[in-house]
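Trainee: You'll find entry-v8.cif just under this line, and it carries mmCIF, C-alpha atoms.
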```
data_work
loop_
_atom_site.label_atom_id
_atom_site.label_comp_id
_atom_site.auth_asym_id
_atom_site.auth_seq_id
_atom_site.Cartn_x
_atom_site.Cartn_y
_atom_site.Cartn_z
CA MET A 295 -32.37 -3.92 -17.18
CA THR A 296 -29.46 -4.85 -14.92
CA ARG A 297 -29.42 -2.86 -11.69
CA ALA A 298 -25.87 -2.15 -10.60
CA GLY A 299 -24.36 -1.23 -7.28
CA PHE A 300 -20.84 0.10 -6.78
CA ILE A 301 -18.56 0.50 -3.78
CA GLY A 302 -15.09 2.06 -3.99
CA LEU A 303 -15.22 5.50 -5.58
CA GLY A 304 -11.51 6.24 -5.78
CA SER A 305 -9.46 7.46 -8.74
CA GLN A 306 -10.40 4.36 -10.74
CA GLY A 307 -13.74 3.39 -9.20
CA ALA A 308 -15.37 6.81 -9.59
CA PRO A 309 -15.00 6.92 -13.40
CA MET A 310 -16.17 3.29 -13.54
CA ALA A 311 -19.34 4.32 -11.73
CA HIS A 312 -19.82 7.29 -14.06
CA ARG A 313 -19.53 4.98 -17.05
CA ILE A 314 -22.29 2.76 -15.64
CA LEU A 315 -24.52 5.82 -15.46
CA ASP A 316 -23.52 6.87 -18.99
CA ALA A 317 -24.60 3.41 -20.19
CA GLY A 318 -28.08 4.13 -18.87
CA LEU A 319 -28.02 1.45 -16.18
CA PRO A 320 -29.70 2.07 -12.80
CA LEU A 321 -26.96 2.56 -10.20
CA THR A 322 -26.82 2.64 -6.40
CA LEU A 323 -23.73 3.86 -4.54
CA TRP A 324 -22.33 3.61 -1.03
CA ALA A 325 -19.13 5.09 0.39
CA ARG A 326 -17.57 5.42 3.82
CA ARG A 327 -16.70 9.05 3.12
CA ARG A 328 -19.50 11.41 2.14
CA ALA A 329 -17.05 13.42 0.03
CA SER A 330 -16.69 10.47 -2.36
CA LEU A 331 -20.39 10.75 -3.20
CA GLU A 332 -20.43 14.49 -3.87
CA PRO A 333 -19.43 14.19 -7.56
CA PHE A 334 -22.57 12.09 -8.10
CA ALA A 335 -24.97 14.57 -6.48
CA SER A 336 -26.32 15.79 -9.82
CA THR A 337 -26.61 12.33 -11.38
CA LYS A 338 -29.36 9.72 -11.32
CA ALA A 339 -27.39 7.52 -8.94
CA GLU A 340 -29.22 6.48 -5.78
CA LEU A 341 -27.40 6.46 -2.45
CA ALA A 342 -27.57 3.73 0.18
CA SER A 343 -26.94 3.97 3.91
CA SER A 344 -25.02 0.67 4.07
CA PRO A 345 -23.52 -1.96 1.74
CA ALA A 346 -26.40 -4.29 2.65
CA GLU A 347 -29.01 -1.70 1.71
CA LEU A 348 -27.21 -1.08 -1.58
CA ALA A 349 -27.08 -4.79 -2.35
CA ALA A 350 -30.77 -5.36 -1.65
CA SER A 351 -31.81 -3.47 -4.77
CA CYS A 352 -29.07 -4.69 -7.13
CA ASP A 353 -28.45 -7.53 -9.57
CA VAL A 354 -24.68 -6.93 -9.79
CA VAL A 355 -22.59 -5.22 -7.10
CA GLY A 356 -19.06 -4.13 -8.00
CA VAL A 357 -16.46 -3.66 -5.25
CA CYS A 358 -13.32 -1.69 -6.10
CA VAL A 359 -11.44 -1.13 -2.84
CA VAL A 360 -7.74 -1.58 -2.14
CA ALA A 361 -6.90 -4.72 -0.18
CA ASP A 362 -8.26 -8.10 0.92
CA SER A 363 -9.26 -6.72 4.32
CA ASP A 364 -11.12 -3.84 2.65
CA VAL A 365 -13.07 -6.25 0.43
CA GLU A 366 -14.02 -8.42 3.40
CA GLY A 367 -14.93 -5.33 5.40
CA VAL A 368 -17.61 -4.19 2.95
CA VAL A 369 -18.81 -7.67 1.94
CA LEU A 370 -19.12 -9.52 5.26
CA GLY A 371 -21.05 -8.81 8.43
CA GLU A 372 -24.62 -7.81 9.22
CA SER A 373 -24.41 -4.64 7.12
CA GLY A 374 -22.19 -6.12 4.40
CA VAL A 375 -23.00 -6.72 0.75
CA LEU A 376 -23.66 -10.45 1.20
CA ALA A 377 -26.26 -9.75 3.86
CA GLY A 378 -28.31 -7.77 1.35
CA LEU A 379 -27.92 -9.62 -1.94
CA ARG A 380 -30.92 -11.60 -3.13
CA PRO A 381 -30.52 -15.18 -4.42
CA GLY A 382 -29.26 -15.09 -7.98
CA ALA A 383 -27.48 -11.75 -7.58
CA ILE A 384 -23.75 -11.35 -8.26
CA LEU A 385 -20.86 -9.85 -6.33
CA ALA A 386 -18.08 -8.67 -8.68
CA VAL A 387 -14.71 -8.12 -6.98
CA HIS A 388 -12.76 -5.56 -9.02
CA SER A 389 -10.06 -5.20 -6.36
CA THR A 390 -6.73 -6.96 -6.89
CA VAL A 391 -6.59 -9.48 -4.03
CA HIS A 392 -5.52 -13.04 -3.28
CA PRO A 393 -7.52 -15.55 -5.37
CA ASP A 394 -8.35 -17.47 -2.20
CA THR A 395 -10.11 -14.41 -0.81
CA CYS A 396 -12.52 -14.55 -3.76
CA ARG A 397 -12.91 -18.31 -3.41
CA ARG A 398 -13.76 -17.99 0.29
CA LEU A 399 -16.31 -15.31 -0.50
CA GLY A 400 -17.67 -17.52 -3.26
CA ALA A 401 -18.23 -20.39 -0.83
CA LEU A 402 -20.01 -18.11 1.65
CA ALA A 403 -22.10 -16.53 -1.11
CA ALA A 404 -23.15 -19.91 -2.49
CA ARG A 405 -24.92 -20.68 0.80
CA ARG A 406 -27.17 -17.71 0.08
CA GLY A 407 -27.68 -18.56 -3.59
CA VAL A 408 -25.41 -15.68 -4.62
CA HIS A 409 -22.60 -15.80 -7.21
CA VAL A 410 -19.13 -14.25 -6.96
CA VAL A 411 -17.10 -13.17 -9.98
CA ASP A 412 -13.53 -11.97 -9.55
CA ALA A 413 -12.95 -9.20 -12.08
CA PRO A 414 -9.79 -7.20 -11.40
CA VAL A 415 -9.13 -4.40 -13.86
CA SER A 416 -6.09 -2.76 -15.45
CA GLY A 417 -5.66 0.65 -17.01
CA GLY A 418 -6.27 3.18 -14.26
CA GLY A 419 -8.58 6.16 -14.11
CA PRO A 420 -8.04 7.44 -17.67
CA ALA A 421 -8.86 4.04 -19.19
CA ALA A 422 -11.92 3.75 -16.95
CA ALA A 423 -13.18 7.16 -18.06
CA ALA A 424 -12.70 6.14 -21.71
CA GLY A 425 -14.38 2.76 -21.25
CA ARG A 426 -11.14 0.97 -22.11
CA LEU A 427 -10.28 -0.89 -18.92
CA LEU A 428 -9.06 -4.45 -19.28
CA VAL A 429 -11.44 -6.60 -17.21
CA MET A 430 -10.08 -10.03 -16.25
CA ALA A 431 -12.99 -12.17 -15.10
CA GLY A 432 -13.10 -15.46 -13.27
CA GLY A 433 -16.20 -17.39 -12.30
CA GLU A 434 -19.09 -19.38 -13.71
CA SER A 435 -19.71 -18.58 -17.38
CA GLU A 436 -23.37 -17.70 -16.84
CA ALA A 437 -22.52 -15.30 -14.00
CA VAL A 438 -19.81 -13.58 -16.06
CA GLU A 439 -22.19 -13.17 -19.00
CA ARG A 440 -24.81 -11.61 -16.74
CA CYS A 441 -22.20 -9.10 -15.60
CA ARG A 442 -21.27 -8.03 -19.13
CA PRO A 443 -23.77 -5.15 -19.43
CA VAL A 444 -22.02 -3.61 -16.40
CA PHE A 445 -18.45 -4.63 -17.24
CA GLU A 446 -18.73 -3.40 -20.84
CA ALA A 447 -19.78 0.04 -19.62
CA TYR A 448 -16.16 0.65 -18.57
CA GLY A 449 -14.23 -2.33 -19.95
CA ASP A 450 -12.91 -3.27 -23.37
CA PRO A 451 -11.88 -6.01 -23.58
CA VAL A 452 -13.69 -8.12 -21.00
CA VAL A 453 -11.90 -11.47 -20.88
CA HIS A 454 -13.31 -14.55 -19.14
CA LEU A 455 -10.28 -16.53 -17.96
CA GLY A 456 -11.86 -19.52 -16.24
CA PRO A 457 -13.17 -20.48 -12.78
CA LEU A 458 -13.38 -18.20 -9.76
CA GLY A 459 -9.94 -16.88 -8.83
CA SER A 460 -8.45 -17.06 -12.33
CA GLY A 461 -9.03 -13.37 -12.96
CA GLN A 462 -6.94 -12.53 -9.90
CA VAL A 463 -4.16 -14.90 -10.98
CA ALA A 464 -4.04 -13.22 -14.40
CA LYS A 465 -4.01 -9.72 -12.90
CA LEU A 466 -1.22 -10.58 -10.45
CA LEU A 467 0.88 -12.14 -13.20
CA ASN A 468 0.28 -9.09 -15.38
CA ASN A 469 1.51 -6.76 -12.64
CA VAL A 470 4.48 -8.96 -11.75
CA LEU A 471 5.51 -9.07 -15.41
CA PHE A 472 5.15 -5.30 -15.72
CA THR A 473 7.32 -4.83 -12.61
CA ALA A 474 9.98 -7.18 -13.96
CA ASN A 475 9.93 -5.49 -17.39
CA PHE A 476 10.27 -2.10 -15.72
CA GLY A 477 13.34 -3.25 -13.82
CA ILE A 478 14.94 -4.73 -16.93
CA ALA A 479 14.29 -1.51 -18.85
CA ALA A 480 15.88 0.53 -16.05
CA SER A 481 18.95 -1.74 -16.10
CA ALA A 482 19.26 -1.36 -19.88
CA LEU A 483 19.12 2.44 -19.67
CA ASP A 484 21.75 2.40 -16.93
CA LEU A 485 24.01 0.20 -19.04
CA GLY A 486 23.53 2.52 -22.01
CA ARG A 487 24.51 5.49 -19.85
CA ARG A 488 27.72 3.76 -18.79
CA LEU A 489 28.48 3.04 -22.45
CA GLY A 490 27.96 6.66 -23.46
CA VAL A 491 24.34 6.65 -24.73
CA ALA A 492 21.97 9.14 -23.10
CA PRO A 493 19.06 7.30 -21.42
CA GLU A 494 16.42 9.49 -23.08
CA ARG A 495 17.90 8.80 -26.54
CA LEU A 496 18.15 5.07 -25.88
CA ALA A 497 14.56 5.02 -24.62
CA GLU A 498 13.46 6.78 -27.81
CA VAL A 499 15.26 4.24 -30.00
CA ALA A 500 14.10 1.19 -28.03
CA GLY A 501 10.57 2.53 -27.94
CA HIS A 502 10.45 2.44 -31.73
CA GLY A 503 12.22 -0.89 -32.05
CA SER A 504 11.74 -4.52 -31.16
CA ALA A 505 12.48 -3.76 -27.49
CA ALA A 506 9.43 -1.52 -27.13
CA SER A 507 7.20 -2.20 -24.10
CA PHE A 508 4.64 -0.45 -21.96
CA ALA A 509 7.08 -0.58 -19.02
CA LEU A 510 9.81 1.12 -21.08
CA GLY A 511 7.33 3.81 -22.07
CA ARG A 512 6.44 4.48 -18.42
CA LEU A 513 10.12 4.63 -17.50
CA ALA A 514 10.86 7.04 -20.35
CA ALA A 515 7.94 9.24 -19.28
CA ALA A 516 9.52 9.35 -15.81
CA GLY A 517 12.76 10.66 -17.29
CA GLY A 518 14.48 7.32 -16.76
CA ASP A 519 14.12 7.60 -12.97
CA PRO A 520 12.56 4.37 -11.57
CA THR A 521 11.90 5.95 -8.18
CA ARG A 522 9.14 8.05 -9.75
CA MET A 523 7.22 4.86 -10.46
CA GLY A 524 8.00 3.73 -6.93
CA ASN A 525 6.47 6.90 -5.51
CA LEU A 526 3.42 6.52 -7.73
CA ALA A 527 2.67 2.80 -7.57
CA GLY A 528 5.44 1.07 -5.63
CA ALA A 529 3.27 0.02 -2.70
CA LEU A 530 0.59 -1.52 -4.93
CA LEU A 531 3.12 -3.31 -7.13
CA ALA A 532 4.88 -4.65 -4.03
CA LYS A 533 1.55 -5.97 -2.73
CA ASP A 534 0.95 -7.83 -5.98
CA VAL A 535 4.47 -9.26 -6.17
CA ARG A 536 4.07 -10.43 -2.56
CA LEU A 537 0.74 -12.12 -3.36
CA MET A 538 2.11 -13.86 -6.45
CA SER A 539 5.20 -14.99 -4.51
CA ALA A 540 2.88 -16.63 -1.97
CA LEU A 541 0.89 -18.32 -4.75
CA ALA A 542 4.00 -19.60 -6.49
CA ASP A 543 5.39 -20.94 -3.21
CA ALA A 544 2.24 -22.82 -2.21
CA PRO A 545 2.77 -26.59 -1.84
CA ASP A 546 0.29 -27.47 -4.61
CA THR A 547 1.92 -25.14 -7.16
CA ARG A 548 5.62 -25.35 -6.28
CA HIS A 549 7.20 -27.56 -8.96
CA ASP A 550 10.48 -25.95 -10.02
CA ASP A 551 12.39 -22.69 -10.03
CA THR A 552 10.93 -21.26 -13.25
CA ALA A 553 8.76 -18.75 -11.37
CA GLU A 554 11.83 -17.24 -9.75
CA ALA A 555 13.00 -15.84 -13.10
CA VAL A 556 10.16 -13.32 -13.18
CA LEU A 557 9.61 -12.99 -9.43
CA GLY A 558 13.28 -12.42 -8.66
CA THR A 559 13.50 -9.79 -11.39
CA ALA A 560 10.34 -8.13 -10.07
CA ARG A 561 11.75 -8.00 -6.54
CA ALA A 562 14.96 -6.43 -7.85
CA ALA A 563 12.87 -3.90 -9.78
CA LEU A 564 11.05 -2.91 -6.59
CA GLU A 565 14.44 -2.29 -4.96
CA ARG A 566 15.33 0.05 -7.84
CA MET A 567 12.01 1.84 -7.41
CA GLY A 568 12.68 2.38 -3.72
CA ALA A 569 9.77 0.13 -2.78
CA PRO A 570 11.44 -3.09 -1.58
CA LEU A 571 9.40 -5.96 -0.23
CA ASP A 572 9.34 -6.31 3.53
CA PRO A 573 10.98 -9.73 4.17
CA GLU A 574 8.85 -10.14 7.30
CA LYS A 575 5.66 -9.95 5.22
CA GLU A 576 6.72 -12.45 2.55
#
```
Could you render the structure as structure tokens?
Mentor:
Amino acid sequence: MTRAGFIGLGSQGAPMAHRILDAGLPLTLWARRRASLEPFASTKAELASSPAELAASCDVVGVCVVADSDVEGVVLGESGVLAGLRPGAILAVHSTVHPDTCRRLGALAARRGVHVVDAPVSGGGPAAAAGRLLVMAGGESEAVERCRPVFEAYGDPVVHLGPLGSGQVAKLLNNVLFTANFGIAASALDLGRRLGVAPERLAEVAGHGSAASFALGRLAAAGGDPTRMGNLAGALLAKDVRLMSALADAPDTRHDDTAEAVLGTARAALERMGAPLDPEKE
């Protein structure tokens, strides 16, 4: 039976960990804050004193923290996950980060006979609790297949997209497209208002017609106010738009201006949300 480890018990990671337990898989947890572990006190989950100690007993270790620096912080170093993983074990990066971060970790892990799979997820806490997260996996086919008993505890579907890093590319594109769609939907509702159609009525009509989209649904749920989405997820969406902008502008991928159609619209959407990109960070 696959022994799982999990680090990152936030609003999405905690229900993912609970789903692993519900699937009957042995699970070890580690967290910086003791409070994050309290909801698991009455479960069969074992607790580790460090990421390395956690990794030493696991076949697959999932990491679901916020940013690239957070991933590297728990994975690298003397007490990090890589220091504890046995040859043949797998590190699964569920965080949404730059693909090159996963590739660098993959190169370091390979020296120890360890595999890295990038497996960002989409759906949030409710989807995790229901076992309906979308898992976008990149890495060697055999490694991804060995992760499936863990991934399928909280994910449906689990999609293998290609080599290491491709899961992150897909997740970033997904979030950029959502952001752009959200901005377009907000513009359409504004135009309808100026033409005498109440935004809530237009959203109801469009939501049942060919213009329906998940982004429109989120905007309608926010009463047509894009700043509510900005307050909720603006910082994370801005991070992902910034990462995809850097990928699209890299010398080996910059071919024409087609990427600007979606990226430019996404940047404008962030402005409407009240979460503009910091030009100095782009």
Trainee: Counting all atoms listed in the file, which residue out of A:Glu372, A:Glu347, A:Asp412, A:Glu494 sits closest to A:Gly456?
Mentor: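 Checking each of A:Glu372, A:Glu347, A:Asp412, A:Glu494 against A:Gly456, counting all atoms listed in the file, the winner is A:Asp412.
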Trainee: Give as a PDB file with C-alpha atoms, in the coordinates of the input every residue, naming chains and numbers as the document does, that has an atom within 9 Å of (-27.9, 5.0, -14.0), counting only C-alpha atoms.
Mentor:
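The new file point-v4.pdb reads:
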```pdb
ATOM      1  CA  ARG A 297     -29.420  -2.860 -11.690  1.00  0.00           C
ATOM      2  CA  ALA A 298     -25.870  -2.150 -10.600  1.00  0.00           C
ATOM      3  CA  ALA A 311     -19.340   4.320 -11.730  1.00  0.00           C
ATOM      4  CA  HIS A 312     -19.820   7.290 -14.060  1.00  0.00           C
ATOM      5  CA  ARG A 313     -19.530   4.980 -17.050  1.00  0.00           C
ATOM      6  CA  ILE A 314     -22.290   2.760 -15.640  1.00  0.00           C
ATOM      7  CA  LEU A 315     -24.520   5.820 -15.460  1.00  0.00           C
ATOM      8  CA  ASP A 316     -23.520   6.870 -18.990  1.00  0.00           C
ATOM      9  CA  ALA A 317     -24.600   3.410 -20.190  1.00  0.00           C
ATOM     10  CA  GLY A 318     -28.080   4.130 -18.870  1.00  0.00           C
ATOM     11  CA  LEU A 319     -28.020   1.450 -16.180  1.00  0.00           C
ATOM     12  CA  PRO A 320     -29.700   2.070 -12.800  1.00  0.00           C
ATOM     13  CA  LEU A 321     -26.960   2.560 -10.200  1.00  0.00           C
ATOM     14  CA  THR A 322     -26.820   2.640  -6.400  1.00  0.00           C
ATOM     15  CA  THR A 337     -26.610  12.330 -11.380  1.00  0.00           C
ATOM     16  CA  LYS A 338     -29.360   9.720 -11.320  1.00  0.00           C
ATOM     17  CA  ALA A 339     -27.390   7.520  -8.940  1.00  0.00           C
ATOM     18  CA  GLU A 340     -29.220   6.480  -5.780  1.00  0.00           C
TER      19      GLU A 340
END
```
Trainee: Nearest to A:Ala540 among A:Asp394, A:Asp364, A:Asp353, A:Asp450, with distances taken over all atoms listed in the file: which residue is it?
Mentor: A:Asp394
Trainee: So how many Å separate atom CA of A:Ala350 and atom CA of A:Pro381, to one decimal?
Mentor: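 Distance reported for this atom pair: 10.2 Å.
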Trainee: Can you turn the PyMOL selection byres ((chain A and resi 420) around 12) into a concrete residue list for this file, as a ChimeraX atom specification?
Mentor: /A:305-310,313,416-419,421-427,448-449
Trainee: Selected residues, C-alpha atoms, written as a tab-separated table (two decimals), in the coordinates of the input, please.
Mentor:
```tsv
chain	number	residue	atom	x	y	z
A	305	SER	CA	-9.46	7.46	-8.74
A	306	GLN	CA	-10.40	4.36	-10.74
A	307	GLY	CA	-13.74	3.39	-9.20
A	308	ALA	CA	-15.37	6.81	-9.59
A	309	PRO	CA	-15.00	6.92	-13.40
A	310	MET	CA	-16.17	3.29	-13.54
A	313	ARG	CA	-19.53	4.98	-17.05
A	416	SER	CA	-6.09	-2.76	-15.45
A	417	GLY	CA	-5.66	0.65	-17.01
A	418	GLY	CA	-6.27	3.18	-14.26
A	419	GLY	CA	-8.58	6.16	-14.11
A	421	ALA	CA	-8.86	4.04	-19.19
A	422	ALA	CA	-11.92	3.75	-16.95
A	423	ALA	CA	-13.18	7.16	-18.06
A	424	ALA	CA	-12.70	6.14	-21.71
A	425	GLY	CA	-14.38	2.76	-21.25
A	426	ARG	CA	-11.14	0.97	-22.11
A	427	LEU	CA	-10.28	-0.89	-18.92
A	448	TYR	CA	-16.16	0.65	-18.57
A	449	GLY	CA	-14.23	-2.33	-19.95
```
Trainee: Which residues match the PyMOL selection byres ((chain A and resi 413) around 7) in the file above, as a list in words?
Mentor: Ala386, Val387, His388, Val411, Asp412, Pro414, Val415, Val429, Met430, Ala431, Gly432 and Gly461 of chain A
Trainee: Could you work out how far atom CA of A:Ala325 lies from atom CA of A:Gly299, giving the answer in Å with one decimal?
Mentor: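 These two atoms are separated by 11.2 Å.
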Trainee: Looking at A:Gly374, A:Arg512, A:Gly459, A:Glu565, which one is nearest to A:Cys396, with distances taken over all atoms listed in the file?
Mentor: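 The answer is A:Gly459, which sits nearest to A:Cys396.
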Trainee: Pick out the closest residue to A:Gly477 from this set: A:Val452, A:Thr552, A:Arg561, A:Ala401. Count only C-alpha atoms.
Mentor: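 Once distances to A:Gly477 are computed over only C-alpha atoms, the minimum belongs to A:Arg561.
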Trainee: Considering all atoms listed in the file, state which residue in the set A:Thr390, A:Lys465, A:Val375, A:Ala329 is at the smallest distance from A:Arg406.
Mentor: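 The shortest atom-to-atom distance to A:Arg406 comes from A:Val375.
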Trainee: As JSON, what would the box around stretch 425-431 of chain A look like: edges along x, y and z, 6 Å added on every side, centre and edge lengths in Å to one decimal?
Mentor:
```
{"center_x": -11.7, "center_y": -4.7, "center_z": -18.6, "size_x": 17.3, "size_y": 26.9, "size_z": 19.0}
```
Trainee: Give as a compact mmCIF listing (two decimals) with C-alpha atoms, in the frame of the given file the residues that the PyMOL selection byres ((chain A and resi 441) around 10) matches when applied to the coordinates above.
Mentor:
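result_2.txt written:
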```
# COMPACT_ATOMS: atom_id res chain seq x y z
CA THR A 296 -29.46 -4.85 -14.92
CA ALA A 298 -25.87 -2.15 -10.60
CA ASP A 353 -28.45 -7.53 -9.57
CA VAL A 354 -24.68 -6.93 -9.79
CA VAL A 355 -22.59 -5.22 -7.10
CA GLY A 356 -19.06 -4.13 -8.00
CA ALA A 383 -27.48 -11.75 -7.58
CA ILE A 384 -23.75 -11.35 -8.26
CA LEU A 385 -20.86 -9.85 -6.33
CA ALA A 386 -18.08 -8.67 -8.68
CA VAL A 411 -17.10 -13.17 -9.98
CA ALA A 413 -12.95 -9.20 -12.08
CA ALA A 431 -12.99 -12.17 -15.10
CA SER A 435 -19.71 -18.58 -17.38
CA GLU A 436 -23.37 -17.70 -16.84
CA ALA A 437 -22.52 -15.30 -14.00
CA VAL A 438 -19.81 -13.58 -16.06
CA GLU A 439 -22.19 -13.17 -19.00
CA ARG A 440 -24.81 -11.61 -16.74
CA ARG A 442 -21.27 -8.03 -19.13
CA PRO A 443 -23.77 -5.15 -19.43
CA VAL A 444 -22.02 -3.61 -16.40
CA PHE A 445 -18.45 -4.63 -17.24
CA GLU A 446 -18.73 -3.40 -20.84
```
Trainee: Measuring atom to atom with only C-alpha atoms, identify which of A:Ser351, A:Ser539, A:Pro457, A:Arg566 is nearest to A:Ala480.
Mentor: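 Of the candidates, the smallest distance to A:Ala480 is held by A:Arg566.
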Trainee: May I ask for the distance between atom CA of A:Leu483 and atom CA of A:Ala515, given in Å to one decimal place?
Mentor: 13.1 Å
Trainee: Neighbouring residues of A:Ala553 were defined as those with any atom within 9 Å, considering all atoms listed in the file; residues of the same chain fewer than 4 positions away were excluded. Please report them as a ChimeraX atom specification.
Mentor: /A:539,542,548,557-558
Trainee: Take the residues from that selection and write them out as a compact mmCIF listing (two decimals), keeping the file's coordinate frame, keeping C-alpha atoms.
Mentor:
```
# COMPACT_ATOMS: atom_id res chain seq x y z
CA SER A 539 5.20 -14.99 -4.51
CA ALA A 542 4.00 -19.60 -6.49
CA ARG A 548 5.62 -25.35 -6.28
CA LEU A 557 9.61 -12.99 -9.43
CA GLY A 558 13.28 -12.42 -8.66
```
Trainee: Skipping near chain neighbours, those fewer than 5 positions away, what residues fall within 10 Å of A:Ala403 using only C-alpha atoms, listed as a PyMOL selection string?
Mentor: chain A and resi 369-370+376-377+379+381+383-385+397-398+408-410
Trainee: So that I can see what lies close to A:Ala563, please list as a PyMOL selection string the residues with an atom at most 9 Å from it, counting all atoms listed in the file and leaving out residues fewer than 6 positions away in the same chain.
Mentor: chain A and resi 473-478+480+520+569-570
